[in-house]
file data.cif (mmCIF, C-alpha atoms)
data_final
#
loop_
_atom_site.label_atom_id
_atom_site.label_comp_id
_atom_site.auth_asym_id
_atom_site.auth_seq_id
_atom_site.Cartn_x
_atom_site.Cartn_y
_atom_site.Cartn_z
CA MET J 1 -11.37 -4.15 8.32
CA SER J 2 -11.01 -4.83 4.60
CA TYR J 3 -8.64 -7.30 2.97
CA GLN J 4 -6.38 -4.50 1.74
CA GLU J 5 -6.15 -2.92 5.19
CA ARG J 6 -5.20 -6.25 6.76
CA ARG J 7 -2.65 -6.81 3.99
CA ALA J 8 -1.01 -3.40 4.63
CA ILE J 9 -0.74 -4.09 8.37
CA VAL J 10 0.74 -7.55 7.80
CA SER J 11 3.19 -6.10 5.29
CA LEU J 12 4.27 -3.41 7.77
CA PHE J 13 4.86 -5.85 10.61
CA GLY J 14 6.48 -8.39 8.27
CA SER J 15 8.96 -5.92 6.83
CA THR J 16 9.73 -4.48 10.28
CA LEU J 17 10.45 -7.95 11.64
CA THR J 18 12.56 -8.89 8.62
CA PHE J 19 14.53 -5.64 8.82
CA LEU J 20 15.21 -5.95 12.55
CA LEU J 21 16.29 -9.60 12.27
CA TYR J 22 18.53 -8.82 9.30
CA CYS J 23 20.16 -5.86 11.08
CA ALA J 24 20.68 -7.95 14.23
CA TYR J 25 22.33 -10.67 12.16
CA MET J 26 24.53 -8.26 10.18
CA LEU J 27 25.62 -6.36 13.30
CA THR J 28 27.29 -9.55 14.56
CA ARG J 29 29.44 -9.42 11.42
CA TYR J 30 30.24 -5.72 11.71
CA PRO J 31 33.99 -5.32 11.04
CA GLU J 32 36.11 -3.81 13.79
CA VAL J 33 38.18 -1.73 11.41
CA ASP J 34 38.74 1.89 10.52
CA ALA J 35 35.59 3.67 9.30
CA TYR J 36 37.34 4.66 6.06
CA SER J 37 38.90 1.27 5.26
CA ALA J 38 38.05 -0.76 2.15
CA GLU J 39 36.72 -3.58 4.36
CA MET J 40 34.15 -1.23 5.86
CA PHE J 41 32.88 -0.20 2.41
CA HIS J 42 32.82 -3.89 1.42
CA PHE J 43 30.65 -4.65 4.45
CA TRP J 44 28.12 -1.93 3.65
CA GLY J 45 28.05 -2.87 -0.03
CA SER J 46 27.20 -6.47 0.83
CA PHE J 47 24.72 -5.24 3.47
CA PHE J 48 22.67 -3.46 0.77
CA LEU J 49 23.02 -6.15 -1.88
CA ILE J 50 21.93 -8.99 0.41
CA LEU J 51 19.14 -6.93 2.02
CA ILE J 52 17.30 -6.54 -1.31
CA PRO J 53 16.72 -10.26 -2.11
CA VAL J 54 16.15 -11.08 1.58
CA SER J 55 13.41 -8.41 1.76
CA ILE J 56 11.77 -9.59 -1.46
CA ILE J 57 11.77 -13.27 -0.46
CA ALA J 58 10.52 -12.47 3.06
CA LYS J 59 7.73 -10.27 1.63
CA VAL J 60 6.59 -12.99 -0.76
CA ILE J 61 6.58 -15.65 1.98
CA ILE J 62 4.72 -13.38 4.41
CA GLN J 63 2.10 -12.51 1.76
CA ILE J 64 1.54 -16.20 0.92
CA ILE J 65 1.10 -17.04 4.60
CA PHE J 66 -1.25 -14.05 4.99
CA VAL J 67 -3.44 -15.11 2.04
CA ILE J 68 -3.73 -18.65 3.42
CA ILE J 69 -4.50 -17.59 7.00
CA ASN J 70 -6.89 -14.86 5.82
CA ALA J 71 -8.77 -17.35 3.62
CA ILE J 72 -9.07 -19.81 6.53
CA ILE J 73 -10.26 -17.22 9.07
CA THR J 74 -12.52 -14.99 6.96
CA ARG J 75 -13.42 -17.51 4.19
CA GLU J 76 -12.91 -14.59 1.81
CA ASP J 77 -10.86 -14.93 -1.38
CA ASP J 78 -8.22 -12.31 -2.11
CA PRO J 79 -9.29 -9.82 -4.82
CA GLU J 80 -8.01 -11.25 -8.10
CA ILE J 81 -7.97 -7.92 -9.88
CA MET J 82 -6.30 -4.63 -9.15
CA ASP J 83 -8.79 -1.93 -10.06
CA GLU J 84 -8.45 1.85 -10.53
CA ARG J 85 -8.81 2.60 -6.81
CA ASP J 86 -6.08 0.10 -5.91
CA LYS J 87 -3.77 1.61 -8.53
CA LEU J 88 -4.46 5.15 -7.31
CA ILE J 89 -3.76 4.19 -3.70
CA GLU J 90 -0.59 2.35 -4.72
CA LEU J 91 0.62 5.42 -6.62
CA LYS J 92 -0.08 7.76 -3.70
CA ALA J 93 1.62 5.38 -1.26
CA MET J 94 4.63 5.17 -3.58
CA ARG J 95 4.77 8.96 -3.80
CA ASN J 96 4.83 9.23 0.01
CA ALA J 97 7.54 6.54 0.19
CA LEU J 98 9.60 8.50 -2.32
CA TYR J 99 9.27 11.65 -0.19
CA ALA J 100 10.45 9.69 2.87
CA PHE J 101 13.44 8.21 1.03
CA THR J 102 14.39 11.59 -0.44
CA PHE J 103 14.32 13.06 3.06
CA GLY J 104 16.57 10.21 4.24
CA PHE J 105 18.94 10.79 1.32
CA LEU J 106 19.25 14.47 2.20
CA VAL J 107 19.90 13.64 5.87
CA ALA J 108 22.56 11.12 4.78
CA MET J 109 24.28 13.75 2.65
CA ALA J 110 24.03 16.25 5.50
CA SER J 111 25.80 13.75 7.76
CA LEU J 112 28.81 13.90 5.43
CA VAL J 113 28.69 17.68 5.38
CA PHE J 114 28.81 17.66 9.19
CA ASP J 115 31.92 15.46 9.16
CA MET J 116 30.29 12.21 10.23
CA THR J 117 31.84 8.93 9.12
CA PRO J 118 30.69 6.93 6.06
CA PRO J 119 29.15 4.15 8.25
CA VAL J 120 26.81 6.77 9.72
CA MET J 121 25.78 7.82 6.23
CA PHE J 122 25.19 4.19 5.19
CA ALA J 123 23.19 3.53 8.35
CA ILE J 124 20.99 6.55 7.58
CA PHE J 125 20.54 5.21 4.04
CA VAL J 126 19.42 1.83 5.34
CA CYS J 127 17.05 3.39 7.86
CA SER J 128 15.54 5.71 5.26
CA GLY J 129 14.96 2.73 2.95
CA PHE J 130 13.13 0.92 5.72
CA LEU J 131 11.26 4.10 6.65
CA ALA J 132 10.15 4.55 3.02
CA GLY J 133 8.70 1.02 3.01
CA ALA J 134 6.92 1.66 6.29
CA VAL J 135 5.51 4.96 5.01
CA SER J 136 4.21 3.12 1.93
CA ASP J 137 2.40 0.50 4.05
CA ILE J 138 1.00 3.09 6.47
CA SER J 139 -0.16 5.27 3.54
CA GLU J 140 -1.93 2.32 1.93
CA PHE J 141 -3.69 1.52 5.19
CA TYR J 142 -4.67 5.18 5.64
CA PHE J 143 -6.05 5.61 2.11
CA TYR J 144 -8.00 2.36 2.22
CA ARG J 145 -9.50 3.30 5.58
CA ARG J 146 -10.14 7.03 5.15
CA GLY J 147 -10.79 7.13 1.43
CA VAL J 148 -8.90 8.58 -1.47
CA MET P 1 -9.12 12.65 0.65
CA GLY P 2 -11.92 11.32 2.83
CA ASP P 3 -15.53 11.94 1.85
CA THR P 4 -16.01 13.13 -1.73
CA PRO P 5 -18.50 15.82 -2.83
CA ILE P 6 -20.10 13.24 -5.11
CA SER P 7 -23.10 11.47 -3.63
CA ASN P 8 -24.76 8.49 -5.28
CA ASN P 9 -27.87 6.36 -5.43
CA ILE P 10 -26.14 3.04 -5.90
CA ARG P 11 -27.63 1.49 -2.76
CA ARG P 12 -31.15 2.35 -3.91
CA LEU P 13 -30.49 1.27 -7.49
CA ARG P 14 -29.13 -2.07 -6.31
CA PHE P 15 -32.26 -2.54 -4.22
CA GLU P 16 -34.49 -1.76 -7.22
CA HIS P 17 -32.60 -4.28 -9.34
CA ASP P 18 -33.57 -7.41 -7.42
CA GLU P 19 -31.31 -6.47 -4.49
CA MET P 20 -28.19 -6.86 -6.55
CA THR P 21 -25.24 -7.59 -4.30
CA GLN P 22 -22.16 -5.40 -4.14
CA LYS P 23 -20.17 -8.40 -5.31
CA GLU P 24 -22.36 -8.80 -8.40
CA LEU P 25 -22.12 -5.09 -9.25
CA ALA P 26 -18.35 -5.27 -8.77
CA ARG P 27 -18.13 -8.26 -11.08
CA ARG P 28 -20.20 -6.55 -13.79
CA THR P 29 -18.18 -3.34 -13.63
CA GLY P 30 -14.76 -4.97 -13.37
CA VAL P 31 -13.72 -3.67 -9.96
CA THR P 32 -13.37 -5.15 -6.48
CA ARG P 33 -16.26 -5.29 -4.01
CA GLN P 34 -14.27 -2.99 -1.71
CA THR P 35 -14.28 -0.30 -4.39
CA ILE P 36 -18.08 -0.51 -4.70
CA VAL P 37 -18.31 -0.22 -0.89
CA ALA P 38 -16.02 2.85 -0.96
CA ILE P 39 -18.08 4.49 -3.73
CA GLU P 40 -21.38 3.80 -1.93
CA ASN P 41 -19.97 5.35 1.25
CA ALA P 42 -18.68 8.39 -0.69
CA LYS P 43 -15.08 7.50 0.23
CA TYR P 44 -14.01 7.29 -3.38
CA ALA P 45 -15.02 9.25 -6.48
CA PRO P 46 -14.93 6.82 -9.41
CA SER P 47 -13.37 7.62 -12.75
CA LEU P 48 -15.66 8.75 -15.54
CA GLU P 49 -15.30 5.36 -17.20
CA LEU P 50 -16.34 3.47 -14.06
CA ALA P 51 -19.22 5.89 -13.49
CA PHE P 52 -20.53 5.09 -16.99
CA ARG P 53 -20.06 1.36 -16.40
CA ILE P 54 -22.11 1.52 -13.19
CA ALA P 55 -24.83 3.56 -14.88
CA ARG P 56 -24.95 1.11 -17.78
CA VAL P 57 -25.41 -1.85 -15.41
CA PHE P 58 -28.54 -0.16 -14.02
CA GLY P 59 -29.69 1.08 -17.42
CA VAL P 60 -29.79 4.73 -16.37
CA SER P 61 -27.76 7.87 -17.08
CA VAL P 62 -24.74 8.89 -15.02
CA GLU P 63 -26.71 11.81 -13.56
CA ASP P 64 -29.26 9.35 -12.19
CA VAL P 65 -26.51 7.57 -10.28
CA PHE P 66 -24.18 10.36 -9.20
CA THR P 67 -24.82 13.89 -7.96
CA PHE P 68 -22.23 16.58 -7.42
CA GLU P 69 -22.80 18.47 -4.18
CA GLU P 70 -20.74 21.59 -3.50
#
call {"tool": "encode", "arguments": {"input": "data.cif", "output": "structure tokens"}}
result
Amino acid sequence: MSYQERRAIVSLFGSTLTFLLYCAYMLTRYPEVDAYSAEMFHFWGSFFLILIPVSIIAKVIIQIIFVIINAIITREDDPEIMDERDKLIELKAMRNALYAFTFGFLVAMASLVFDMTPPVMFAIFVCSGFLAGAVSDISEFYFYRRGV
Amino acid sequence: MGDTPISNNIRRLRFEHDEMTQKELARRTGVTRQTIVAIENAKYAPSLELAFRIARVFGVSVEDVFTFEE
């Protein structure tokens, strides 16, 4: 398995773990109020705003740990350059992630059309964001393994 | 996706050039070793620029390195 394939797998598991832990933590602070109250919207607003830096910091820490452990185990340095194949794979993975998020966005809007509450819509948004990240990691792994 | 219709002689050319390593070829063409591996295994069709760079390293024409097979 190549360095890039290992990196994609670690990224997938890292972001899944981070997302689950964050959701578990935020669910303990879920307000017991009306679904249409200002406090509920405040909760979901802070949920999104805090999730972004938490995800970025967790991703950076996980990547640093991965590079160190990978160097110790395989005695192989991480590729210092990003060449044309890496850029092509990154673009294709990003395209697939965008498709996944767009699908999630449409489902979220459909939930409003079918008279579901705003928290349901926000939950679908969060899940589609996570799903988009997972699709990106899985796509990268697939393209590195099967060719592009 | 998957195997490309472009086959190549890079493995043979590396052998004829003092068994040049994939790492050395990658360094001289400005890509990662994994990309050279993918090209050799026909998992990736390089850009025209990279194809010329590889050919130049071996001192041959692009047609001597790559062949298009329909």
call {"tool": "resolve_selection", "arguments": {"input": "data.cif", "expression": "the PyMOL selection byres ((chain J) within 8 of (chain P))", "output": "list in words"}}
result
Ser2, Pro79, Ile81, Met82, Asp83, Glu84, Arg85, Phe143, Arg146, Gly147 and Val148 of chain J
call {"tool": "residues_around", "arguments": {"input": "data.cif", "residues": "Asn96 in chain J", "least_positions_apart": "6", "cutoff": "8 Å", "atoms": "all atoms listed in the file", "output": "mmCIF file with C-alpha atoms, keeping the file's coordinate frame"}}
result
data_model
loop_
_atom_site.group_PDB
_atom_site.id
_atom_site.type_symbol
_atom_site.label_atom_id
_atom_site.label_comp_id
_atom_site.auth_asym_id
_atom_site.auth_seq_id
_atom_site.Cartn_x
_atom_site.Cartn_y
_atom_site.Cartn_z
ATOM 1 C CA ALA J 132 10.150 4.550 3.020
ATOM 2 C CA VAL J 135 5.510 4.960 5.010
ATOM 3 C CA SER J 136 4.210 3.120 1.930
ATOM 4 C CA SER J 139 -0.160 5.270 3.540
#
call {"tool": "atom_distance", "arguments": {"input": "data.cif", "atom1": "CA of Ile124 in chain J", "atom2": "CA of Ala108 in chain J"}}
result
5.6 Å
call {"tool": "closest_residue", "arguments": {"input": "data.cif", "among": "J:Ala134, J:Phe122, J:Gln63, J:Met109", "to": "Gln4 in chain J", "atoms": "only C-alpha atoms"}}
result
J:Gln63
call {"tool": "atom_distance", "arguments": {"input": "data.cif", "atom1": "CA of Lys87 in chain J", "atom2": "CA of Ile56 in chain J"}}
result
20.4 Å
call {"tool": "atom_distance", "arguments": {"input": "data.cif", "atom1": "CA of Ala100 in chain J", "atom2": "CA of Leu131 in chain J"}}
result
6.8 Å
call {"tool": "resolve_selection", "arguments": {"input": "data.cif", "expression": "the PyMOL selection byres ((chain J and resi 129) around 12)", "output": "PyMOL selection string"}}
result
chain J and resi 15-16+19+48+51-52+55+97-105+108+122-128+130-136
call {"tool": "axis_aligned_box", "arguments": {"input": "data.cif", "around": "range 95-104 of chain J", "padding_each_side": "6 Å", "output": "AutoDock Vina command-line options"}}
result
--center_x 10.7 --center_y 9.8 --center_z 0.2 --size_x 23.8 --size_y 18.5 --size_z 20.0
call {"tool": "decode", "arguments": {"input": "data.cif", "residues": "range 61-72 of chain J", "atoms": "all heavy atoms", "output": "short mmCIF file (atom, residue, chain, number, x, y, z; two decimals), in the first residue's frame"}}
result
data_model
loop_
_atom_site.label_atom_id
_atom_site.label_comp_id
_atom_site.auth_asym_id
_atom_site.auth_seq_id
_atom_site.Cartn_x
_atom_site.Cartn_y
_atom_site.Cartn_z
N ILE J 61 -3.44 17.51 13.41
CA ILE J 61 -2.79 16.68 14.44
C ILE J 61 -2.69 15.23 13.97
O ILE J 61 -1.64 14.59 14.09
CB ILE J 61 -3.57 16.77 15.77
CG1 ILE J 61 -3.43 18.18 16.36
CG2 ILE J 61 -3.06 15.73 16.78
CD1 ILE J 61 -4.33 18.46 17.55
N ILE J 62 -3.78 14.72 13.40
CA ILE J 62 -3.79 13.32 12.94
C ILE J 62 -2.76 13.12 11.82
O ILE J 62 -2.05 12.12 11.79
CB ILE J 62 -5.21 12.92 12.46
CG1 ILE J 62 -6.14 12.80 13.66
CG2 ILE J 62 -5.19 11.61 11.69
CD1 ILE J 62 -7.60 12.74 13.33
N GLN J 63 -2.64 14.10 10.91
CA GLN J 63 -1.68 13.97 9.81
C GLN J 63 -0.24 14.00 10.34
O GLN J 63 0.63 13.25 9.86
CB GLN J 63 -1.88 15.09 8.79
CG GLN J 63 -3.09 14.91 7.90
CD GLN J 63 -3.07 13.61 7.09
OE1 GLN J 63 -2.06 13.23 6.53
NE2 GLN J 63 -4.19 12.92 7.05
N ILE J 64 0.02 14.85 11.34
CA ILE J 64 1.37 14.92 11.92
C ILE J 64 1.72 13.59 12.57
O ILE J 64 2.81 13.04 12.36
CB ILE J 64 1.47 16.07 12.94
CG1 ILE J 64 1.40 17.42 12.22
CG2 ILE J 64 2.75 15.97 13.76
CD1 ILE J 64 1.27 18.62 13.14
N ILE J 65 0.77 13.05 13.34
CA ILE J 65 1.00 11.75 14.00
C ILE J 65 1.21 10.67 12.94
O ILE J 65 2.10 9.82 13.07
CB ILE J 65 -0.19 11.40 14.91
CG1 ILE J 65 -0.25 12.39 16.08
CG2 ILE J 65 -0.08 9.97 15.44
CD1 ILE J 65 -1.50 12.27 16.93
N PHE J 66 0.42 10.72 11.86
CA PHE J 66 0.56 9.72 10.80
C PHE J 66 1.94 9.77 10.15
O PHE J 66 2.58 8.74 9.95
CB PHE J 66 -0.52 9.94 9.74
CG PHE J 66 -0.25 9.22 8.44
CD1 PHE J 66 -0.30 7.84 8.37
CD2 PHE J 66 0.11 9.93 7.29
CE1 PHE J 66 -0.03 7.17 7.19
CE2 PHE J 66 0.39 9.27 6.11
CZ PHE J 66 0.32 7.88 6.06
N VAL J 67 2.41 10.99 9.84
CA VAL J 67 3.72 11.14 9.19
C VAL J 67 4.82 10.57 10.09
O VAL J 67 5.72 9.86 9.62
CB VAL J 67 4.00 12.63 8.86
CG1 VAL J 67 5.45 12.83 8.45
CG2 VAL J 67 3.08 13.10 7.74
N ILE J 68 4.73 10.85 11.39
CA ILE J 68 5.76 10.37 12.32
C ILE J 68 5.72 8.84 12.42
O ILE J 68 6.75 8.18 12.26
CB ILE J 68 5.54 11.00 13.73
CG1 ILE J 68 5.81 12.51 13.66
CG2 ILE J 68 6.46 10.35 14.75
CD1 ILE J 68 5.39 13.27 14.89
N ILE J 69 4.52 8.29 12.64
CA ILE J 69 4.41 6.83 12.78
C ILE J 69 4.78 6.12 11.48
O ILE J 69 5.49 5.11 11.49
CB ILE J 69 2.97 6.44 13.22
CG1 ILE J 69 2.73 6.95 14.64
CG2 ILE J 69 2.76 4.93 13.16
CD1 ILE J 69 1.32 6.73 15.15
N ASN J 70 4.36 6.70 10.35
CA ASN J 70 4.68 6.10 9.04
C ASN J 70 6.20 6.09 8.80
O ASN J 70 6.74 5.11 8.31
CB ASN J 70 3.98 6.89 7.94
CG ASN J 70 4.18 6.28 6.57
OD1 ASN J 70 3.72 5.18 6.31
ND2 ASN J 70 4.90 6.98 5.71
N ALA J 71 6.85 7.19 9.18
CA ALA J 71 8.31 7.28 8.99
C ALA J 71 9.02 6.26 9.87
O ALA J 71 10.03 5.67 9.45
CB ALA J 71 8.79 8.69 9.31
N ILE J 72 8.51 6.04 11.09
CA ILE J 72 9.14 5.08 12.00
C ILE J 72 8.97 3.66 11.48
O ILE J 72 9.91 2.87 11.46
CB ILE J 72 8.53 5.21 13.42
CG1 ILE J 72 8.93 6.56 14.05
CG2 ILE J 72 9.00 4.06 14.32
CD1 ILE J 72 8.19 6.89 15.32
#
